[in-house]
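Reproduced below: query_17.pdb, with PDB, C-alpha atoms and all ligand atoms.
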ATOM      1  CA  MET F  13     115.844  95.403 174.343
ATOM      2  CA  GLN F  14     113.293  92.717 173.458
ATOM      3  CA  VAL F  15     114.334  89.243 174.458
ATOM      4  CA  HIS F  16     113.898  85.836 172.973
ATOM      5  CA  LYS F  17     115.714  83.084 174.847
ATOM      6  CA  SER F  18     117.658  81.345 172.094
ATOM      7  CA  VAL F  19     117.205  77.579 172.233
ATOM      8  CA  MET F  20     120.230  75.221 172.517
ATOM      9  CA  LEU F  21     122.520  78.178 171.914
ATOM     10  CA  GLU F  22     125.756  76.610 173.197
ATOM     11  CA  ARG F  23     125.084  73.369 171.352
ATOM     12  CA  CYS F  24     124.449  75.154 168.044
ATOM     13  CA  ILE F  25     127.728  77.036 168.404
ATOM     14  CA  THR F  26     129.661  73.883 169.308
ATOM     15  CA  LEU F  27     128.249  72.095 166.271
ATOM     16  CA  LEU F  28     129.069  74.961 163.909
ATOM     17  CA  THR F  29     132.558  75.598 165.352
ATOM     18  CA  PRO F  30     134.586  73.112 163.245
ATOM     19  CA  ALA F  31     132.918  74.372 160.071
ATOM     20  CA  ILE F  32     133.615  78.008 160.964
ATOM     21  CA  GLU F  33     137.161  77.599 162.309
ATOM     22  CA  ARG F  34     138.523  75.796 159.274
ATOM     23  CA  ASN F  35     138.093  78.859 157.079
ATOM     24  CA  THR F  36     139.862  82.215 157.426
ATOM     25  CA  ASN F  37     136.835  84.111 156.078
ATOM     26  CA  PRO F  38     133.899  81.981 157.154
ATOM     27  CA  ILE F  39     130.339  82.706 156.060
ATOM     28  CA  VAL F  40     127.315  81.555 158.049
ATOM     29  CA  VAL F  41     123.671  81.841 157.004
ATOM     30  CA  ASP F  42     121.255  82.386 159.861
ATOM     31  CA  ALA F  43     118.103  81.387 157.989
ATOM     32  CA  THR F  44     115.801  82.396 160.863
ATOM     33  CA  LEU F  45     117.416  85.471 162.348
ATOM     34  CA  GLY F  46     114.549  86.310 164.727
ATOM     35  CA  LEU F  47     115.874  88.737 167.315
ATOM     36  CA  GLY F  48     119.420  87.727 166.460
ATOM     37  CA  GLY F  49     120.284  85.673 169.549
ATOM     38  CA  HIS F  50     122.145  82.904 167.760
ATOM     39  CA  SER F  51     123.789  85.302 165.317
ATOM     40  CA  LYS F  52     125.028  87.544 168.114
ATOM     41  CA  ALA F  53     126.662  84.626 169.906
ATOM     42  CA  ILE F  54     128.350  83.509 166.663
ATOM     43  CA  LEU F  55     129.586  87.044 165.878
ATOM     44  CA  GLU F  56     130.964  87.399 169.404
ATOM     45  CA  LYS F  57     132.776  84.096 169.378
ATOM     46  CA  PHE F  58     134.266  84.248 165.855
ATOM     47  CA  PRO F  59     135.774  87.660 164.996
ATOM     48  CA  GLU F  60     136.308  86.672 161.350
ATOM     49  CA  VAL F  61     132.826  85.352 160.683
ATOM     50  CA  ARG F  62     130.428  87.029 158.311
ATOM     51  CA  ILE F  63     126.722  86.320 158.689
ATOM     52  CA  VAL F  64     123.866  86.521 156.231
ATOM     53  CA  GLY F  65     120.719  86.750 158.367
ATOM     54  CA  LEU F  66     117.257  86.187 156.895
ATOM     55  CA  ASP F  67     113.806  86.597 158.326
ATOM     56  CA  ARG F  68     110.431  86.875 156.654
ATOM     57  CA  ASP F  69     109.087  89.039 159.502
ATOM     58  CA  GLN F  70     109.759  92.774 159.083
ATOM     59  CA  SER F  71     109.369  93.474 162.796
ATOM     60  CA  ALA F  72     111.939  90.792 163.681
ATOM     61  CA  ILE F  73     114.315  92.326 161.118
ATOM     62  CA  GLN F  74     113.878  95.738 162.696
ATOM     63  CA  ILE F  75     114.692  94.479 166.188
ATOM     64  CA  ALA F  76     117.554  92.265 165.002
ATOM     65  CA  LYS F  77     119.124  95.303 163.343
ATOM     66  CA  GLU F  78     119.028  97.160 166.658
ATOM     67  CA  ASN F  79     120.266  94.191 168.670
ATOM     68  CA  LEU F  80     123.150  93.564 166.266
ATOM     69  CA  GLN F  81     124.144  97.142 165.463
ATOM     70  CA  ASP F  82     127.607  96.665 166.998
ATOM     71  CA  PHE F  83     128.254  93.999 164.386
ATOM     72  CA  SER F  84     126.700  95.756 161.400
ATOM     73  CA  GLU F  85     129.916  95.418 159.364
ATOM     74  CA  ARG F  86     129.874  91.643 159.649
ATOM     75  CA  ILE F  87     126.181  90.881 159.247
ATOM     76  CA  THR F  88     123.931  91.434 156.255
ATOM     77  CA  ILE F  89     120.288  91.356 157.316
ATOM     78  CA  ILE F  90     117.772  90.592 154.605
ATOM     79  CA  HIS F  91     113.989  90.360 154.573
ATOM     80  CA  ALA F  92     113.462  87.060 152.775
ATOM     81  CA  VAL F  93     111.863  83.654 153.094
ATOM     82  CA  TYR F  94     114.469  80.969 153.705
ATOM     83  CA  ASN F  95     113.790  79.088 150.477
ATOM     84  CA  GLU F  96     115.320  82.184 148.857
ATOM     85  CA  ILE F  97     118.779  81.355 150.311
ATOM     86  CA  PRO F  98     120.282  80.626 146.856
ATOM     87  CA  ALA F  99     118.976  83.891 145.363
ATOM     88  CA  VAL F 100     120.188  85.882 148.379
ATOM     89  CA  LEU F 101     123.662  84.282 148.206
ATOM     90  CA  ASP F 102     123.826  84.884 144.451
ATOM     91  CA  THR F 103     123.032  88.559 144.970
ATOM     92  CA  LEU F 104     125.777  88.836 147.577
ATOM     93  CA  GLY F 105     128.231  86.927 145.377
ATOM     94  CA  PHE F 106     128.699  84.021 147.815
ATOM     95  CA  LYS F 107     128.909  80.654 146.046
ATOM     96  CA  LYS F 108     129.333  78.439 149.107
ATOM     97  CA  VAL F 109     128.943  78.966 152.846
ATOM     98  CA  ASP F 110     130.431  77.269 155.896
ATOM     99  CA  GLY F 111     127.417  77.043 158.148
ATOM    100  CA  ILE F 112     123.640  77.301 157.924
ATOM    101  CA  LEU F 113     121.397  77.505 160.969
ATOM    102  CA  PHE F 114     117.620  77.040 160.998
ATOM    103  CA  ASP F 115     115.761  77.746 164.259
ATOM    104  CA  LEU F 116     112.286  77.010 162.958
ATOM    105  CA  GLY F 117     108.913  78.305 164.001
ATOM    106  CA  VAL F 118     107.796  81.452 165.746
ATOM    107  CA  SER F 119     109.798  83.662 168.078
ATOM    108  CA  SER F 120     108.718  84.818 171.534
ATOM    109  CA  LEU F 121     108.318  88.241 169.948
ATOM    110  CA  GLN F 122     105.675  86.912 167.579
ATOM    111  CA  LEU F 123     103.883  85.019 170.363
ATOM    112  CA  ASP F 124     104.011  88.011 172.684
ATOM    113  CA  GLN F 125     102.743  90.537 170.135
ATOM    114  CA  ALA F 126      99.107  89.677 170.846
ATOM    115  CA  ASP F 127      97.781  91.369 167.710
ATOM    116  CA  ARG F 128      99.722  88.943 165.474
ATOM    117  CA  GLY F 129      97.217  86.210 166.359
ATOM    118  CA  PHE F 130      99.752  83.387 166.906
ATOM    119  CA  SER F 131      98.758  82.712 170.484
ATOM    120  CA  TYR F 132      95.545  80.964 171.478
ATOM    121  CA  SER F 133      95.776  82.356 174.988
ATOM    122  CA  GLN F 134      95.247  86.021 174.038
ATOM    123  CA  ALA F 135      92.330  87.635 172.177
ATOM    124  CA  ALA F 136      93.589  88.895 168.828
ATOM    125  CA  PRO F 137      92.623  89.213 165.170
ATOM    126  CA  LEU F 138      92.897  85.987 163.179
ATOM    127  CA  ASP F 139      96.146  86.895 161.450
ATOM    128  CA  MET F 140      99.170  84.533 161.948
ATOM    129  CA  ARG F 141     101.159  85.966 159.044
ATOM    130  CA  MET F 142     104.887  85.930 159.653
ATOM    131  CA  ASP F 143     105.184  88.451 156.832
ATOM    132  CA  GLN F 144     102.408  90.958 157.262
ATOM    133  CA  SER F 145     102.711  92.157 153.694
ATOM    134  CA  GLU F 146     101.393  88.797 152.431
ATOM    135  CA  PRO F 147      97.680  88.547 151.560
ATOM    136  CA  LEU F 148      96.784  85.170 153.151
ATOM    137  CA  SER F 149      95.846  85.489 156.831
ATOM    138  CA  ALA F 150      94.072  83.055 159.166
ATOM    139  CA  ALA F 151      90.917  85.188 158.764
ATOM    140  CA  VAL F 152      90.938  84.609 154.998
ATOM    141  CA  ILE F 153      91.195  80.848 155.552
ATOM    142  CA  ILE F 154      88.512  80.807 158.241
ATOM    143  CA  ASN F 155      86.127  82.946 156.176
ATOM    144  CA  THR F 156      86.629  81.608 152.657
ATOM    145  CA  TYR F 157      87.901  78.006 152.664
ATOM    146  CA  SER F 158      85.376  75.267 151.881
ATOM    147  CA  LYS F 159      84.698  72.547 154.430
ATOM    148  CA  GLY F 160      86.908  70.149 152.462
ATOM    149  CA  GLU F 161      89.778  72.618 152.398
ATOM    150  CA  LEU F 162      89.460  73.300 156.118
ATOM    151  CA  ILE F 163      89.525  69.564 156.836
ATOM    152  CA  ARG F 164      92.648  69.145 154.682
ATOM    153  CA  VAL F 165      94.445  71.916 156.555
ATOM    154  CA  LEU F 166      93.442  70.660 160.007
ATOM    155  CA  ARG F 167      94.284  67.016 159.227
ATOM    156  CA  ASN F 168      97.500  67.517 157.286
ATOM    157  CA  TYR F 169      99.015  70.309 159.321
ATOM    158  CA  GLY F 170      97.457  69.778 162.750
ATOM    159  CA  GLU F 171      97.022  65.983 162.697
ATOM    160  CA  GLU F 172      93.612  66.840 164.146
ATOM    161  CA  LYS F 173      91.296  63.843 164.640
ATOM    162  CA  PHE F 174      88.209  66.025 164.963
ATOM    163  CA  ALA F 175      88.913  68.047 161.807
ATOM    164  CA  SER F 176      85.494  67.408 160.277
ATOM    165  CA  LYS F 177      83.572  68.557 163.367
ATOM    166  CA  ILE F 178      85.786  71.652 163.766
ATOM    167  CA  ALA F 179      85.346  72.516 160.062
ATOM    168  CA  ASP F 180      81.553  72.165 160.399
ATOM    169  CA  ASN F 181      81.533  74.467 163.385
ATOM    170  CA  ILE F 182      83.810  77.008 161.674
ATOM    171  CA  ILE F 183      81.384  77.232 158.762
ATOM    172  CA  LYS F 184      78.370  77.582 161.089
ATOM    173  CA  ALA F 185      80.072  80.217 163.217
ATOM    174  CA  ARG F 186      81.286  82.286 160.272
ATOM    175  CA  ASN F 187      77.785  82.320 158.837
ATOM    176  CA  ASN F 188      76.435  83.532 162.209
ATOM    177  CA  GLY F 189      79.176  86.146 162.549
ATOM    178  CA  THR F 190      80.431  84.641 165.811
ATOM    179  CA  LEU F 191      83.984  83.779 164.741
ATOM    180  CA  ASN F 192      85.938  86.998 164.800
ATOM    181  CA  ASN F 193      89.100  86.519 166.806
ATOM    182  CA  THR F 194      91.521  83.975 168.259
ATOM    183  CA  ASN F 195      89.466  83.572 171.453
ATOM    184  CA  ASP F 196      86.344  82.700 169.447
ATOM    185  CA  LEU F 197      88.376  80.137 167.510
ATOM    186  CA  ALA F 198      89.957  78.587 170.615
ATOM    187  CA  GLU F 199      86.517  78.314 172.230
ATOM    188  CA  LEU F 200      85.008  76.826 169.058
ATOM    189  CA  VAL F 201      87.711  74.134 168.937
ATOM    190  CA  LYS F 202      87.140  73.321 172.593
ATOM    191  CA  THR F 203      83.424  72.791 172.082
ATOM    192  CA  SER F 204      84.030  70.710 168.933
ATOM    193  CA  ILE F 205      86.039  68.118 170.823
ATOM    194  CA  PRO F 206      84.511  65.392 173.025
ATOM    195  CA  ALA F 207      84.755  66.211 176.734
ATOM    196  CA  ALA F 208      86.847  63.102 177.485
ATOM    197  CA  THR F 209      89.476  64.096 174.912
ATOM    198  CA  ARG F 210      89.465  67.680 176.166
ATOM    199  CA  ARG F 211      90.772  66.537 179.524
ATOM    200  CA  THR F 212      93.968  65.099 178.053
ATOM    201  CA  GLY F 213      96.861  66.459 176.052
ATOM    202  CA  GLY F 214      96.985  70.193 176.776
ATOM    203  CA  ASN F 215      95.015  72.954 175.091
ATOM    204  CA  PRO F 216      92.876  71.424 172.306
ATOM    205  CA  ALA F 217      93.257  74.614 170.225
ATOM    206  CA  LYS F 218      96.993  74.006 169.827
ATOM    207  CA  ARG F 219      96.635  71.687 166.820
ATOM    208  CA  THR F 220      94.183  73.968 164.992
ATOM    209  CA  PHE F 221      96.379  77.018 165.552
ATOM    210  CA  GLN F 222      99.444  75.108 164.343
ATOM    211  CA  ALA F 223      97.557  73.956 161.240
ATOM    212  CA  LEU F 224      96.368  77.453 160.342
ATOM    213  CA  ARG F 225      99.802  78.938 160.922
ATOM    214  CA  ILE F 226     101.404  76.360 158.615
ATOM    215  CA  GLU F 227      98.806  77.038 155.901
ATOM    216  CA  VAL F 228      99.042  80.833 156.253
ATOM    217  CA  ASN F 229     102.834  80.792 155.909
ATOM    218  CA  ASN F 230     103.111  77.767 153.599
ATOM    219  CA  GLU F 231     105.652  76.561 156.136
ATOM    220  CA  LEU F 232     106.186  72.949 155.108
ATOM    221  CA  LYS F 233     106.540  73.574 151.362
ATOM    222  CA  VAL F 234     108.986  76.377 152.047
ATOM    223  CA  LEU F 235     111.035  74.132 154.343
ATOM    224  CA  GLU F 236     110.994  71.305 151.784
ATOM    225  CA  ALA F 237     112.548  73.678 149.271
ATOM    226  CA  ALA F 238     114.939  75.345 151.706
ATOM    227  CA  ILE F 239     116.738  72.297 153.135
ATOM    228  CA  PRO F 240     118.008  70.878 149.811
ATOM    229  CA  ALA F 241     118.724  74.391 148.512
ATOM    230  CA  GLY F 242     120.786  75.111 151.633
ATOM    231  CA  LEU F 243     122.643  71.769 151.453
ATOM    232  CA  ASP F 244     123.544  72.569 147.869
ATOM    233  CA  ARG F 245     125.296  75.799 148.966
ATOM    234  CA  LEU F 246     127.327  74.223 151.813
ATOM    235  CA  ALA F 247     131.088  74.113 151.229
ATOM    236  CA  VAL F 248     132.974  70.866 151.869
ATOM    237  CA  ASP F 249     133.292  70.490 155.680
ATOM    238  CA  GLY F 250     130.463  72.994 156.056
ATOM    239  CA  ARG F 251     127.626  72.162 158.434
ATOM    240  CA  MET F 252     123.883  72.706 158.641
ATOM    241  CA  VAL F 253     122.120  72.686 162.014
ATOM    242  CA  VAL F 254     118.319  72.593 162.183
ATOM    243  CA  MET F 255     116.061  72.922 165.222
ATOM    244  CA  SER F 256     112.412  71.905 164.727
ATOM    245  CA  PHE F 257     109.645  72.307 167.248
ATOM    246  CA  GLN F 258     106.958  70.062 165.820
ATOM    247  CA  SER F 259     106.990  66.638 164.234
ATOM    248  CA  LEU F 260     105.890  67.647 160.720
ATOM    249  CA  GLU F 261     108.931  69.866 160.314
ATOM    250  CA  ASP F 262     111.285  67.415 161.977
ATOM    251  CA  ARG F 263     110.128  64.653 159.620
ATOM    252  CA  ILE F 264     111.032  66.804 156.609
ATOM    253  CA  VAL F 265     114.491  67.567 158.002
ATOM    254  CA  LYS F 266     115.071  63.921 158.905
ATOM    255  CA  ARG F 267     114.043  62.754 155.413
ATOM    256  CA  PHE F 268     116.329  65.193 153.569
ATOM    257  CA  PHE F 269     119.267  64.519 155.902
ATOM    258  CA  ALA F 270     118.840  60.728 155.553
ATOM    259  CA  ASP F 271     118.690  60.988 151.769
ATOM    260  CA  ALA F 272     121.709  63.300 151.528
ATOM    261  CA  SER F 273     123.837  61.067 153.756
ATOM    262  CA  GLU F 274     123.016  57.838 151.913
ATOM    263  CA  SER F 275     125.149  56.266 149.224
ATOM    264  CA  LYS F 276     123.405  56.207 145.848
ATOM    265  CA  SER F 277     125.357  53.125 144.707
ATOM    266  CA  PRO F 278     123.207  50.648 142.822
ATOM    267  CA  ARG F 279     122.591  47.567 144.951
ATOM    268  CA  GLY F 280     124.954  44.667 144.381
ATOM    269  CA  LEU F 281     128.016  46.679 143.335
ATOM    270  CA  PRO F 282     131.040  45.058 145.021
ATOM    271  CA  VAL F 283     132.779  48.397 145.667
ATOM    272  CA  GLU F 284     131.436  51.863 146.207
ATOM    273  CA  MET F 285     132.128  54.133 143.236
ATOM    274  CA  ALA F 286     133.035  57.729 144.099
ATOM    275  CA  GLU F 287     130.285  59.173 141.919
ATOM    276  CA  PHE F 288     127.635  57.374 143.997
ATOM    277  CA  ALA F 289     129.147  58.014 147.427
ATOM    278  CA  ALA F 290     127.215  60.181 149.848
ATOM    279  CA  LYS F 291     128.243  63.840 149.813
ATOM    280  CA  PHE F 292     127.100  64.388 153.394
ATOM    281  CA  LYS F 293     127.362  62.651 156.746
ATOM    282  CA  LEU F 294     125.189  63.055 159.813
ATOM    283  CA  VAL F 295     127.167  64.726 162.607
ATOM    284  CA  PHE F 296     125.356  62.393 165.041
ATOM    285  CA  ARG F 297     122.614  59.830 164.592
ATOM    286  CA  GLY F 298     119.023  60.884 165.230
ATOM    287  CA  SER F 299     118.099  64.096 166.991
ATOM    288  CA  GLU F 300     119.101  65.833 170.194
ATOM    289  CA  SER F 301     116.830  67.493 172.764
ATOM    290  CA  ALA F 302     117.442  70.346 175.176
ATOM    291  CA  SER F 303     118.655  69.601 178.697
ATOM    292  CA  GLU F 304     116.246  69.416 181.640
ATOM    293  CA  ILE F 305     117.756  72.611 183.011
ATOM    294  CA  GLU F 306     117.207  74.516 179.791
ATOM    295  CA  ILE F 307     113.617  73.272 179.564
ATOM    296  CA  GLU F 308     113.003  74.446 183.145
ATOM    297  CA  ASN F 309     114.215  77.914 182.175
ATOM    298  CA  ASN F 310     112.668  78.113 178.722
ATOM    299  CA  SER F 311     109.478  76.225 177.940
ATOM    300  CA  ARG F 312     110.057  76.719 174.181
ATOM    301  CA  ALA F 313     112.991  74.306 174.481
ATOM    302  CA  GLN F 314     110.698  71.480 175.524
ATOM    303  CA  SER F 315     109.785  70.271 172.048
ATOM    304  CA  VAL F 316     113.031  71.039 170.221
ATOM    305  CA  LYS F 317     114.661  68.399 168.028
ATOM    306  CA  LEU F 318     118.079  69.351 166.775
ATOM    307  CA  ARG F 319     119.746  67.657 163.797
ATOM    308  CA  ALA F 320     123.093  68.380 162.162
ATOM    309  CA  ILE F 321     124.744  67.349 158.891
ATOM    310  CA  GLU F 322     128.162  67.975 157.332
ATOM    311  CA  ARG F 323     129.220  68.076 153.693
ATOM    312  CA  ILE F 324     132.075  65.612 153.124
ATOM    313  CA  ALA F 325     132.481  65.830 149.340
ATOM    314  CA  ALA F 326     131.925  68.423 146.621
TER
HETATM  315  C1  LIG X 401     112.525  80.848 166.642
HETATM  316  S1  LIG X 401     112.735  82.358 165.858
HETATM  317  C2  LIG X 401     114.466  82.542 165.695
HETATM  318  C3  LIG X 401     115.123  83.044 166.934
HETATM  319  C4  LIG X 401     116.591  83.336 166.796
HETATM  320  N1  LIG X 401     117.362  82.153 166.500
HETATM  321  C5  LIG X 401     117.134  83.997 168.051
HETATM  322  O1  LIG X 401     117.932  83.376 168.764
HETATM  323  O2  LIG X 401     116.779  85.149 168.323
HETATM  324  C6  LIG X 401     112.270  81.971 164.243
HETATM  325  C7  LIG X 401     112.278  83.145 163.276
HETATM  326  O3  LIG X 401     112.248  82.600 161.972
HETATM  327  C8  LIG X 401     111.416  83.369 161.168
HETATM  328  N2  LIG X 401     110.930  82.498 160.109
HETATM  329  C9  LIG X 401     110.055  81.482 160.217
HETATM  330  N3  LIG X 401     109.870  80.910 159.028
HETATM  331  C10 LIG X 401     110.663  81.565 158.159
HETATM  332  C11 LIG X 401     110.904  81.432 156.761
HETATM  333  N4  LIG X 401     110.285  80.508 156.042
HETATM  334  N5  LIG X 401     111.788  82.263 156.186
HETATM  335  C12 LIG X 401     112.437  83.214 156.912
HETATM  336  N6  LIG X 401     112.223  83.402 158.242
HETATM  337  C13 LIG X 401     111.346  82.584 158.837
HETATM  338  C14 LIG X 401     110.328  83.867 162.085
HETATM  339  O4  LIG X 401     109.778  85.068 161.571
HETATM  340  C15 LIG X 401     111.087  84.073 163.393
HETATM  341  O5  LIG X 401     111.509  85.400 163.536
END
Before we go any further, please render this structure as structure tokens.
Amino acid sequence: MQVHKSVMLERCITLLTPAIERNTNPIVVDATLGLGGHSKAILEKFPEVRIVGLDRDQSAIQIAKENLQDFSERITIIHAVYNEIPAVLDTLGFKKVDGILFDLGVSSLQLDQADRGFSYSQAAPLDMRMDQSEPLSAAVIINTYSKGELIRVLRNYGEEKFASKIADNIIKARNNGTLNNTNDLAELVKTSIPAATRRTGGNPAKRTFQALRIEVNNELKVLEAAIPAGLDRLAVDGRMVVMSFQSLEDRIVKRFFADASESKSPRGLPVEMAEFAAKFKLVFRGSESASEIEIENNSRAQSVKLRAIERIAA
């Protein structure tokens, strides 16, 4: 069995428990099923729960189906992008759900399958597609985007200070035929960055790889659509838990959660009118991180930021 160490597993379950236990037939959406670690723990703990598990990666779906075969009567596994939550729930005839979990980003499976091109530490084709049936791969971006487009991607999605230099070098290298795989790209980024900067802050290729991955999978736009769409389908007392692993995603989650949990009363009204009252409340302020012990045992947990919100009114 392939393993992915699920991040903040106990904490996710604890946060979802009140939302699940209040209903006799609870429904939970696992928006990022992956290998099914979180879903399995939820199915084991709550015998009445029914899960709708989504993933945009066919190979993750395949493995999740095997890992969760003992629970096949209580989990519906669907190949979909998580901004399709409303359409998936409509098809299944579920109006509202009790819990929604997002464990964003890539799984260990995706990082470990070298040929997927997600990892800058292994030589692989420039791919990075979470759904390999989609046409846009990292190679298409690297080989066809203009300098301006490359700079936009690297700046907006990688917060890369040396975007212009990297874009210049990408264009030179692609014209010379020397940019063919992830190793070539990682090396190109390294040589595009001043030596002094190279010595600080980890592998310099990390930001470029993140940027390309976000562009390939349209990750931020999809998340911006998925969070409000998911909140809309939460039942009263239902909860959404989101784990992000990089600041661009966490900022989106934070913004939507802050907006949803704010009163919309016009300023200066002496009393809050029900129609303007917030329909959600934050389960706790800010974000939570993984414990030191978990981080020691699972390096993926190092950058996690977990946020949770509860619907308090219809
Ligand atoms: C970190 S893993 C989830 C791991 C899972 N919670 C577990 O414990 O096994 C994230 C998964 O979300 C999937 N994913 C990422 N973005 C997605 C999206 N927009 N729609 C659907 N699935 C997505 C990835 O393919 C990956 O399998």
Item to check | Resolved residues for the PyMOL selection byres (((chain F and resi 169-186) around 8) and not hetatm) as a PyMOL selection string | outcome: chain F and resi 154-155+159+162-168+187-191+200-201+204-205+219-224+226-227+260
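Across F:Asn309, F:Gln122, F:Ser299, F:Asn95, the tightest approach to Arg141 in chain F is made by F:Gln122 when counting all atoms listed in the file.
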Output as JSON the centre and edge lengths (Å, one decimal) of the box along x, y and z of the file that holds every listed atom of range 101-112 of chain F after adding 5 Å on each side.
{"center_x": 126.7, "center_y": 82.9, "center_z": 151.3, "size_x": 17.4, "size_y": 21.8, "size_z": 23.7}
Checklist entry - F:Ile305, F:Leu148, F:Ala207, F:Val254: which is nearest ligand LIG 401 (chain X), counting only C-alpha atoms and all ligand atoms? => result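 Checking each candidate against ligand LIG 401 (chain X), we get F:Val254 as the closest.
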The PyMOL selection byres (((chain F and resi 277) around 9) and not hetatm) resolved against shown file, as a PDB file with C-alpha atoms, keeping the file's coordinate frame:
ATOM      1  CA  GLU F 274     123.016  57.838 151.913  1.00  0.00           C
ATOM      2  CA  SER F 275     125.149  56.266 149.224  1.00  0.00           C
ATOM      3  CA  LYS F 276     123.405  56.207 145.848  1.00  0.00           C
ATOM      4  CA  PRO F 278     123.207  50.648 142.822  1.00  0.00           C
ATOM      5  CA  ARG F 279     122.591  47.567 144.951  1.00  0.00           C
ATOM      6  CA  GLY F 280     124.954  44.667 144.381  1.00  0.00           C
ATOM      7  CA  LEU F 281     128.016  46.679 143.335  1.00  0.00           C
ATOM      8  CA  VAL F 283     132.779  48.397 145.667  1.00  0.00           C
ATOM      9  CA  GLU F 284     131.436  51.863 146.207  1.00  0.00           C
ATOM     10  CA  MET F 285     132.128  54.133 143.236  1.00  0.00           C
ATOM     11  CA  ALA F 286     133.035  57.729 144.099  1.00  0.00           C
ATOM     12  CA  GLU F 287     130.285  59.173 141.919  1.00  0.00           C
ATOM     13  CA  PHE F 288     127.635  57.374 143.997  1.00  0.00           C
ATOM     14  CA  ALA F 289     129.147  58.014 147.427  1.00  0.00           C
ATOM     15  CA  ALA F 290     127.215  60.181 149.848  1.00  0.00           C
TER      16      ALA F 290
END
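Shortest separation to Val253 in chain F among F:Ile39, F:Ala320, F:Ile87, F:Arg23 occurs at residue F:Ala320, atoms counted being only C-alpha atoms.
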Residue members of the PyMOL selection byres (((chain F and resi 126) around 12) and not hetatm) in the file shown, as a PDB file with C-alpha atoms, in the coordinates of the input:
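Writing done, so here's result_31.pdb:
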ATOM      1  CA  SER F 120     108.718  84.818 171.534  1.00  0.00           C
ATOM      2  CA  LEU F 121     108.318  88.241 169.948  1.00  0.00           C
ATOM      3  CA  GLN F 122     105.675  86.912 167.579  1.00  0.00           C
ATOM      4  CA  LEU F 123     103.883  85.019 170.363  1.00  0.00           C
ATOM      5  CA  ASP F 124     104.011  88.011 172.684  1.00  0.00           C
ATOM      6  CA  GLN F 125     102.743  90.537 170.135  1.00  0.00           C
ATOM      7  CA  ASP F 127      97.781  91.369 167.710  1.00  0.00           C
ATOM      8  CA  ARG F 128      99.722  88.943 165.474  1.00  0.00           C
ATOM      9  CA  GLY F 129      97.217  86.210 166.359  1.00  0.00           C
ATOM     10  CA  PHE F 130      99.752  83.387 166.906  1.00  0.00           C
ATOM     11  CA  SER F 131      98.758  82.712 170.484  1.00  0.00           C
ATOM     12  CA  TYR F 132      95.545  80.964 171.478  1.00  0.00           C
ATOM     13  CA  SER F 133      95.776  82.356 174.988  1.00  0.00           C
ATOM     14  CA  GLN F 134      95.247  86.021 174.038  1.00  0.00           C
ATOM     15  CA  ALA F 135      92.330  87.635 172.177  1.00  0.00           C
ATOM     16  CA  ALA F 136      93.589  88.895 168.828  1.00  0.00           C
ATOM     17  CA  PRO F 137      92.623  89.213 165.170  1.00  0.00           C
ATOM     18  CA  LEU F 138      92.897  85.987 163.179  1.00  0.00           C
ATOM     19  CA  ASP F 139      96.146  86.895 161.450  1.00  0.00           C
ATOM     20  CA  MET F 140      99.170  84.533 161.948  1.00  0.00           C
ATOM     21  CA  ASN F 193      89.100  86.519 166.806  1.00  0.00           C
ATOM     22  CA  THR F 194      91.521  83.975 168.259  1.00  0.00           C
ATOM     23  CA  ASN F 195      89.466  83.572 171.453  1.00  0.00           C
TER      24      ASN F 195
END
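Nearest residue to Lys317 in chain F, choosing from F:Ser303, F:Thr29, F:Ser256, F:Ser273 and counting all atoms listed in the file: F:Ser256.
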